[in-house]
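Participant: What follows is target03.txt; its format and atoms are compact mmCIF, C-alpha atoms.
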```txt
# COMPACT_ATOMS: atom_id res chain seq x y z
CA MET A 1 7.71 27.44 2.59
CA ASP A 2 6.78 25.04 -0.19
CA ALA A 3 3.88 25.97 -2.45
CA VAL A 4 1.58 23.43 -4.02
CA ASN A 5 2.49 23.30 -7.71
CA THR A 6 -0.56 23.94 -9.86
CA SER A 7 1.24 24.50 -13.16
CA PRO A 8 -0.57 23.75 -16.45
CA HIS A 9 1.48 20.56 -16.75
CA ARG A 10 -0.21 19.08 -13.68
CA PRO A 11 -3.84 18.05 -13.34
CA LEU A 12 -5.87 20.80 -11.66
CA ILE A 13 -8.94 20.48 -9.51
CA ALA A 14 -11.88 20.36 -11.88
CA PRO A 15 -15.43 21.12 -10.65
CA GLU A 16 -16.87 19.07 -13.53
CA ASN A 17 -14.93 16.00 -12.37
CA PRO A 18 -17.34 13.57 -10.64
CA GLU A 19 -14.75 12.98 -7.91
CA PRO A 20 -15.38 15.21 -4.87
CA LEU A 21 -13.30 18.38 -4.70
CA TRP A 22 -11.73 17.38 -1.38
CA ALA A 23 -10.62 14.04 -2.87
CA GLN A 24 -9.09 15.80 -5.88
CA ALA A 25 -7.23 18.18 -3.58
CA ALA A 26 -5.99 15.32 -1.41
CA GLU A 27 -4.75 13.40 -4.45
CA LEU A 28 -2.96 16.45 -5.86
CA ILE A 29 -1.16 17.12 -2.58
CA GLU A 30 -0.34 13.45 -1.97
CA ARG A 31 1.04 13.07 -5.50
CA GLN A 32 3.44 15.94 -4.85
CA VAL A 33 4.54 14.30 -1.62
CA ARG A 34 5.22 11.05 -3.50
CA GLU A 35 7.17 12.90 -6.20
CA GLY A 36 9.25 14.84 -3.68
CA VAL A 37 7.85 18.24 -4.63
CA LEU A 38 6.72 18.47 -1.01
CA PRO A 39 9.52 16.79 0.98
CA ALA A 40 9.11 15.12 4.36
CA GLY A 41 8.94 17.65 7.19
CA SER A 42 8.05 20.59 4.95
CA ARG A 43 5.27 22.95 5.96
CA LEU A 44 2.37 23.67 3.64
CA PRO A 45 1.41 27.24 2.81
CA ALA A 46 -1.21 28.90 4.99
CA GLU A 47 -4.74 27.59 4.53
CA ARG A 48 -5.93 30.83 2.94
CA GLU A 49 -3.12 30.67 0.38
CA LEU A 50 -3.79 26.99 -0.34
CA CYS A 51 -7.49 27.68 -0.86
CA THR A 52 -6.60 30.39 -3.38
CA GLN A 53 -4.10 28.16 -5.19
CA LEU A 54 -6.49 25.22 -5.41
CA GLY A 55 -9.70 27.18 -5.90
CA ILE A 56 -11.55 25.47 -3.05
CA SER A 57 -13.13 26.50 0.24
CA ARG A 58 -11.44 26.17 3.61
CA VAL A 59 -13.95 23.48 4.63
CA THR A 60 -13.05 21.45 1.54
CA LEU A 61 -9.33 21.95 2.12
CA ARG A 62 -9.52 20.85 5.74
CA ARG A 63 -11.40 17.71 4.78
CA ALA A 64 -8.66 16.90 2.24
CA LEU A 65 -5.88 17.54 4.75
CA GLN A 66 -7.59 15.53 7.49
CA HIS A 67 -7.90 12.64 5.02
CA LEU A 68 -4.14 12.86 4.42
CA VAL A 69 -3.50 12.89 8.17
CA GLU A 70 -5.53 9.68 8.48
CA ARG A 71 -3.43 8.15 5.70
CA GLY A 72 -0.23 9.10 7.50
CA VAL A 73 0.84 11.51 4.74
CA MET A 74 0.37 14.77 6.67
CA ARG A 75 0.42 15.86 10.29
CA SER A 76 -1.05 18.94 11.90
CA SER A 77 0.54 21.15 14.53
CA HIS A 78 -1.95 23.21 16.51
CA GLY A 79 -1.46 26.86 15.74
CA ARG A 80 1.48 26.21 13.41
CA GLY A 81 -0.09 24.63 10.33
CA TRP A 82 0.15 21.44 8.29
CA TYR A 83 3.34 19.47 7.68
CA VAL A 84 4.35 16.55 5.46
CA ALA A 85 4.84 13.60 7.77
CA ALA A 86 8.33 12.22 8.20
CA ARG A 87 8.73 8.68 6.85
CA SER A 88 8.83 7.23 10.34
CA ASP A 89 5.44 8.85 11.04
CA ARG A 90 3.71 7.08 8.17
CA GLU A 91 2.00 3.76 8.75
CA TRP A 92 0.62 1.04 6.56
CA PRO A 93 -3.02 1.82 5.69
CA ASN A 94 -6.12 -0.15 6.52
CA SER A 95 -7.26 0.17 2.90
CA LEU A 96 -6.44 -2.54 0.37
CA GLU A 97 -3.40 -1.58 -1.63
CA SER A 98 -0.39 -3.47 -2.88
CA PHE A 99 3.05 -3.36 -1.30
CA THR A 100 4.20 -1.44 -4.39
CA GLU A 101 1.39 1.13 -4.10
CA THR A 102 2.08 1.65 -0.40
CA ALA A 103 5.79 2.10 -1.03
CA ARG A 104 5.19 4.66 -3.78
CA ARG A 105 2.77 6.56 -1.57
CA LYS A 106 5.45 6.74 1.10
CA GLY A 107 8.08 7.92 -1.36
CA LEU A 108 10.07 4.69 -1.02
CA VAL A 109 11.49 2.43 -3.74
CA PRO A 110 9.96 -1.07 -3.71
CA THR A 111 12.00 -4.00 -5.03
CA SER A 112 11.88 -7.75 -4.58
CA ARG A 113 14.21 -10.72 -4.63
CA VAL A 114 12.34 -13.62 -6.20
CA LEU A 115 12.81 -16.90 -4.33
CA ARG A 116 10.32 -18.99 -6.34
CA ALA A 117 8.11 -18.32 -9.34
CA GLU A 118 6.55 -21.48 -10.69
CA ILE A 119 3.40 -23.31 -11.70
CA LYS A 120 2.15 -26.00 -9.33
CA GLN A 121 -0.94 -28.16 -9.16
CA ALA A 122 -3.58 -27.32 -6.59
CA SER A 123 -3.88 -29.75 -3.70
CA LEU A 124 -7.30 -30.78 -2.43
CA ASP A 125 -7.15 -28.09 0.26
CA GLU A 126 -6.02 -25.44 -2.23
CA ALA A 127 -8.74 -26.47 -4.69
CA GLU A 128 -11.35 -25.92 -1.98
CA GLU A 129 -9.69 -22.64 -0.98
CA PHE A 130 -9.80 -21.24 -4.53
CA GLY A 131 -13.00 -22.97 -5.67
CA VAL A 132 -11.23 -24.82 -8.51
CA ALA A 133 -10.73 -28.45 -9.44
CA ALA A 134 -7.99 -30.40 -7.70
CA GLY A 135 -4.90 -30.40 -9.88
CA ALA A 136 -5.69 -27.01 -11.47
CA ASP A 137 -2.64 -24.89 -12.18
CA LEU A 138 -1.67 -22.34 -9.54
CA PHE A 139 1.06 -19.75 -9.91
CA LEU A 140 3.28 -19.67 -6.82
CA LEU A 141 5.35 -16.56 -6.18
CA GLU A 142 7.70 -16.17 -3.22
CA ARG A 143 9.59 -12.91 -2.82
CA VAL A 144 11.66 -10.99 -0.32
CA ARG A 145 10.00 -7.56 -0.32
CA MET A 146 12.32 -4.60 0.19
CA LEU A 147 11.98 -0.84 0.67
CA ASP A 148 14.98 1.23 -0.37
CA GLY A 149 16.95 -2.03 -0.39
CA VAL A 150 16.00 -2.98 3.19
CA PRO A 151 14.22 -6.35 3.62
CA ILE A 152 10.77 -5.90 5.11
CA ALA A 153 8.95 -9.17 4.50
CA VAL A 154 8.84 -12.53 2.75
CA ASP A 155 5.68 -12.82 0.64
CA SER A 156 4.39 -16.21 -0.50
CA SER A 157 1.41 -15.79 -2.85
CA ARG A 158 -0.71 -18.11 -4.95
CA VAL A 159 -2.95 -17.22 -7.89
CA VAL A 160 -5.10 -19.39 -10.16
CA ALA A 161 -2.84 -19.47 -13.22
CA ASN A 162 -5.50 -19.11 -15.91
CA LEU A 163 -6.69 -15.80 -14.40
CA VAL A 164 -3.53 -14.10 -15.64
CA PRO A 165 -1.83 -15.98 -18.49
CA GLY A 166 1.91 -15.38 -18.76
CA LEU A 167 2.66 -14.69 -15.10
CA SER A 168 5.71 -16.94 -15.27
CA SER A 169 7.36 -14.53 -17.70
CA VAL A 170 6.78 -11.36 -15.60
CA ASP A 171 9.80 -9.80 -13.88
CA PHE A 172 8.57 -9.68 -10.29
CA THR A 173 11.72 -8.04 -8.98
CA ARG A 174 9.80 -4.82 -9.63
CA ALA A 175 6.35 -5.77 -10.97
CA SER A 176 3.26 -5.80 -8.72
CA LEU A 177 1.19 -9.00 -8.61
CA LEU A 178 -1.94 -7.02 -7.74
CA GLU A 179 -1.40 -4.74 -10.72
CA GLU A 180 -1.04 -7.79 -12.98
CA LEU A 181 -4.34 -9.14 -11.64
CA ALA A 182 -6.03 -5.77 -12.15
CA ALA A 183 -4.80 -5.57 -15.75
CA ALA A 184 -6.26 -9.02 -16.40
CA GLY A 185 -9.70 -8.07 -15.06
CA ALA A 186 -9.34 -9.90 -11.74
CA GLU A 187 -8.50 -7.00 -9.43
CA PRO A 188 -8.86 -7.81 -5.72
CA VAL A 189 -11.39 -5.53 -4.03
CA VAL A 190 -11.56 -7.05 -0.55
CA ALA A 191 -9.13 -9.01 1.58
CA GLU A 192 -9.92 -11.21 4.55
CA SER A 193 -6.85 -10.96 6.76
CA THR A 194 -5.46 -12.36 9.97
CA ILE A 195 -2.29 -11.19 11.72
CA GLU A 196 -0.42 -13.07 14.41
CA SER A 197 2.93 -12.83 16.14
CA ARG A 198 5.39 -15.73 15.98
CA GLY A 199 9.06 -16.51 16.14
CA CYS A 200 10.88 -16.35 12.81
CA ALA A 201 11.08 -19.71 11.03
CA GLU A 202 14.60 -20.94 10.34
CA ASP A 203 14.20 -20.85 6.56
CA LEU A 204 13.06 -17.19 6.64
CA ALA A 205 15.73 -15.87 8.99
CA GLU A 206 18.41 -15.35 6.31
CA PRO A 207 16.26 -13.44 3.78
CA LEU A 208 14.84 -11.26 6.56
CA GLU A 209 18.28 -10.71 8.15
CA LEU A 210 17.00 -12.11 11.44
CA LYS A 211 17.88 -14.94 13.78
CA PRO A 212 15.55 -17.95 14.06
CA GLY A 213 12.99 -17.20 16.73
CA ASP A 214 13.19 -13.41 16.37
CA PRO A 215 9.72 -11.81 16.47
CA VAL A 216 7.82 -11.58 13.19
CA LEU A 217 4.26 -10.71 12.23
CA ILE A 218 2.52 -13.11 9.88
CA MET A 219 -0.36 -11.83 7.77
CA THR A 220 -2.53 -14.38 5.98
CA GLN A 221 -4.78 -12.87 3.31
CA THR A 222 -7.49 -14.22 1.05
CA MET A 223 -8.36 -11.68 -1.65
CA LEU A 224 -11.59 -11.65 -3.64
CA ASP A 225 -12.51 -9.75 -6.80
CA ALA A 226 -15.78 -7.98 -7.59
CA ALA A 227 -17.33 -11.31 -8.65
CA ASP A 228 -16.50 -12.82 -5.23
CA ARG A 229 -13.88 -15.13 -6.73
CA VAL A 230 -10.84 -15.93 -4.64
CA VAL A 231 -8.08 -14.55 -6.83
CA LEU A 232 -5.08 -14.47 -4.51
CA VAL A 233 -4.02 -16.12 -1.27
CA SER A 234 -0.87 -14.93 0.45
CA VAL A 235 1.14 -15.49 3.60
CA ILE A 236 3.41 -12.54 4.35
CA THR A 237 6.01 -12.70 7.10
CA TYR A 238 7.03 -9.21 8.24
CA ARG A 239 9.95 -8.27 10.39
CA GLY A 240 8.36 -7.34 13.70
CA ASP A 241 10.43 -4.16 13.96
CA ARG A 242 9.53 -2.88 10.48
CA TYR A 243 5.77 -3.27 10.28
CA ARG A 244 2.95 -1.39 11.95
CA LEU A 245 -0.73 -1.70 11.09
CA ARG A 246 -3.05 1.27 11.54
CA THR A 247 -6.76 0.67 11.96
CA SER A 248 -9.76 2.29 13.57
CA PHE A 249 -12.68 1.14 15.69
CA VAL A 250 -16.16 2.59 16.02
CA ARG A 251 -18.25 2.11 19.13
CA GLY A 252 -21.76 0.95 18.30
CA SER A 253 -24.82 2.69 19.66
```
Show how you would write the structure in this file as structure tokens.
Facilitator:
Amino acid sequence: MDAVNTSPHRPLIAPENPEPLWAQAAELIERQVREGVLPAGSRLPAERELCTQLGISRVTLRRALQHLVERGVMRSSHGRGWYVAARSDREWPNSLESFTETARRKGLVPTSRVLRAEIKQASLDEAEEFGVAAGADLFLLERVRMLDGVPIAVDSSRVVANLVPGLSSVDFTRASLLEELAAAGAEPVVAESTIESRGCAEDLAEPLELKPGDPVLIMTQTMLDAADRVVLVSVITYRGDRYRLRTSFVRGS
């Protein structure tokens, strides 16, 4: 049985921290899953032991664990306890996070093969899309996104170049475009997304290791920052057999 490591070298749950106790507990456990301290399929200690280790109540602990179940990090087995979800059990979230963040959360290694990284001038349609003048510089980035070396998607993204000076010199084989935007003060906080199923385009078949016409899922996203500026527009083509979106619906009264 794996114990949650609460050594002095790791951040402990702090009552004075403004973040809720359940959120701190969830983050501590999830971090240890990401780092491999709690491997996939392992069982957590009994709830009473976990409460003692973390210094929280059982109600707080269960809220934290249920949150991790919703994120696909944990699973519960009635009468047997809580287990770290196997990789195949974990789904992409319905919260806004980058491909890199999602991969790290799942304990996978994200890498990219850059197909294009260049400055281009905004067309009339793109100028209207971004709310900039026609001819303004856009940074175009096209990458094959991979997890543990396996191609998952082809991502074609555009950013207004002056939002993040120096993007052309960033090594996007490993760097995250969203993290670069966040560091420049233009972090996306909401994404308007559409997803549709199509046959794989001929020019994307080779990088995705598919045949033309094989099923793919295409996600088109327009991301806005806290000032309601459009900061990133992307079209991501996912292999249909390697992408699953988790969401939830609430019935109105």
Participant: Measure the distance from CA of Pro215 (chain A) to CA of Arg198 (chain A) in Å and round it to one decimal.
Facilitator: 5.9 Å
Participant: Quote the spacing between CA of Thr102 (chain A) and CA of Ile152 (chain A) in Å to one decimal place.
Facilitator: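 Interatomic distance, CA of Thr102 (chain A) to CA of Ile152 (chain A): 12.8 Å.
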Participant: Here's a test: counting all atoms listed in the file, identify every protein, DNA and RNA residue with an atom at most 10 Å from (2.1, 17.9, 13.0) in the file's coordinate frame, and state them as a count of residues only.
Facilitator: 16
Participant: Grab the CA of Arg62 (chain A) to CA of Leu21 (chain A) distance for me, in Å with one decimal place.
Facilitator: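 Taking CA of Arg62 (chain A) and CA of Leu21 (chain A), their separation equals 11.4 Å.
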Participant: Could you work out an axis-aligned bounding box for all listed atoms of region 171-177 of chain A, with 4 Å added on each of the six sides, and give its centre and edge lengths in Å to one decimal, as JSON?
Facilitator:
```
{"center_x": 6.5, "center_y": -7.3, "center_z": -11.2, "size_x": 18.5, "size_y": 13.0, "size_z": 13.3}
```
Participant: Given all atoms listed in the file as the basis, pick out the residue of A:Ala26, A:Leu124, A:Val114, A:Glu35 nearest to Arg71 (chain A).
Facilitator: A:Ala26
Participant: Kindly indicate which residue among A:Leu38, A:Val73, A:Val154, A:Val132 lies nearest to Glu206 (chain A), using all atoms listed in the file for the distances.
Facilitator: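 Selected residue with least distance to Glu206 (chain A): A:Val154.
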Participant: Near Ser112 (chain A), counting only C-alpha atoms, which residues have an atom at most 6 Å away, once you skip same-chain residues fewer than 2 positions from it, shown as an NGL selection string?
Facilitator: :A and (143-146 or 173)
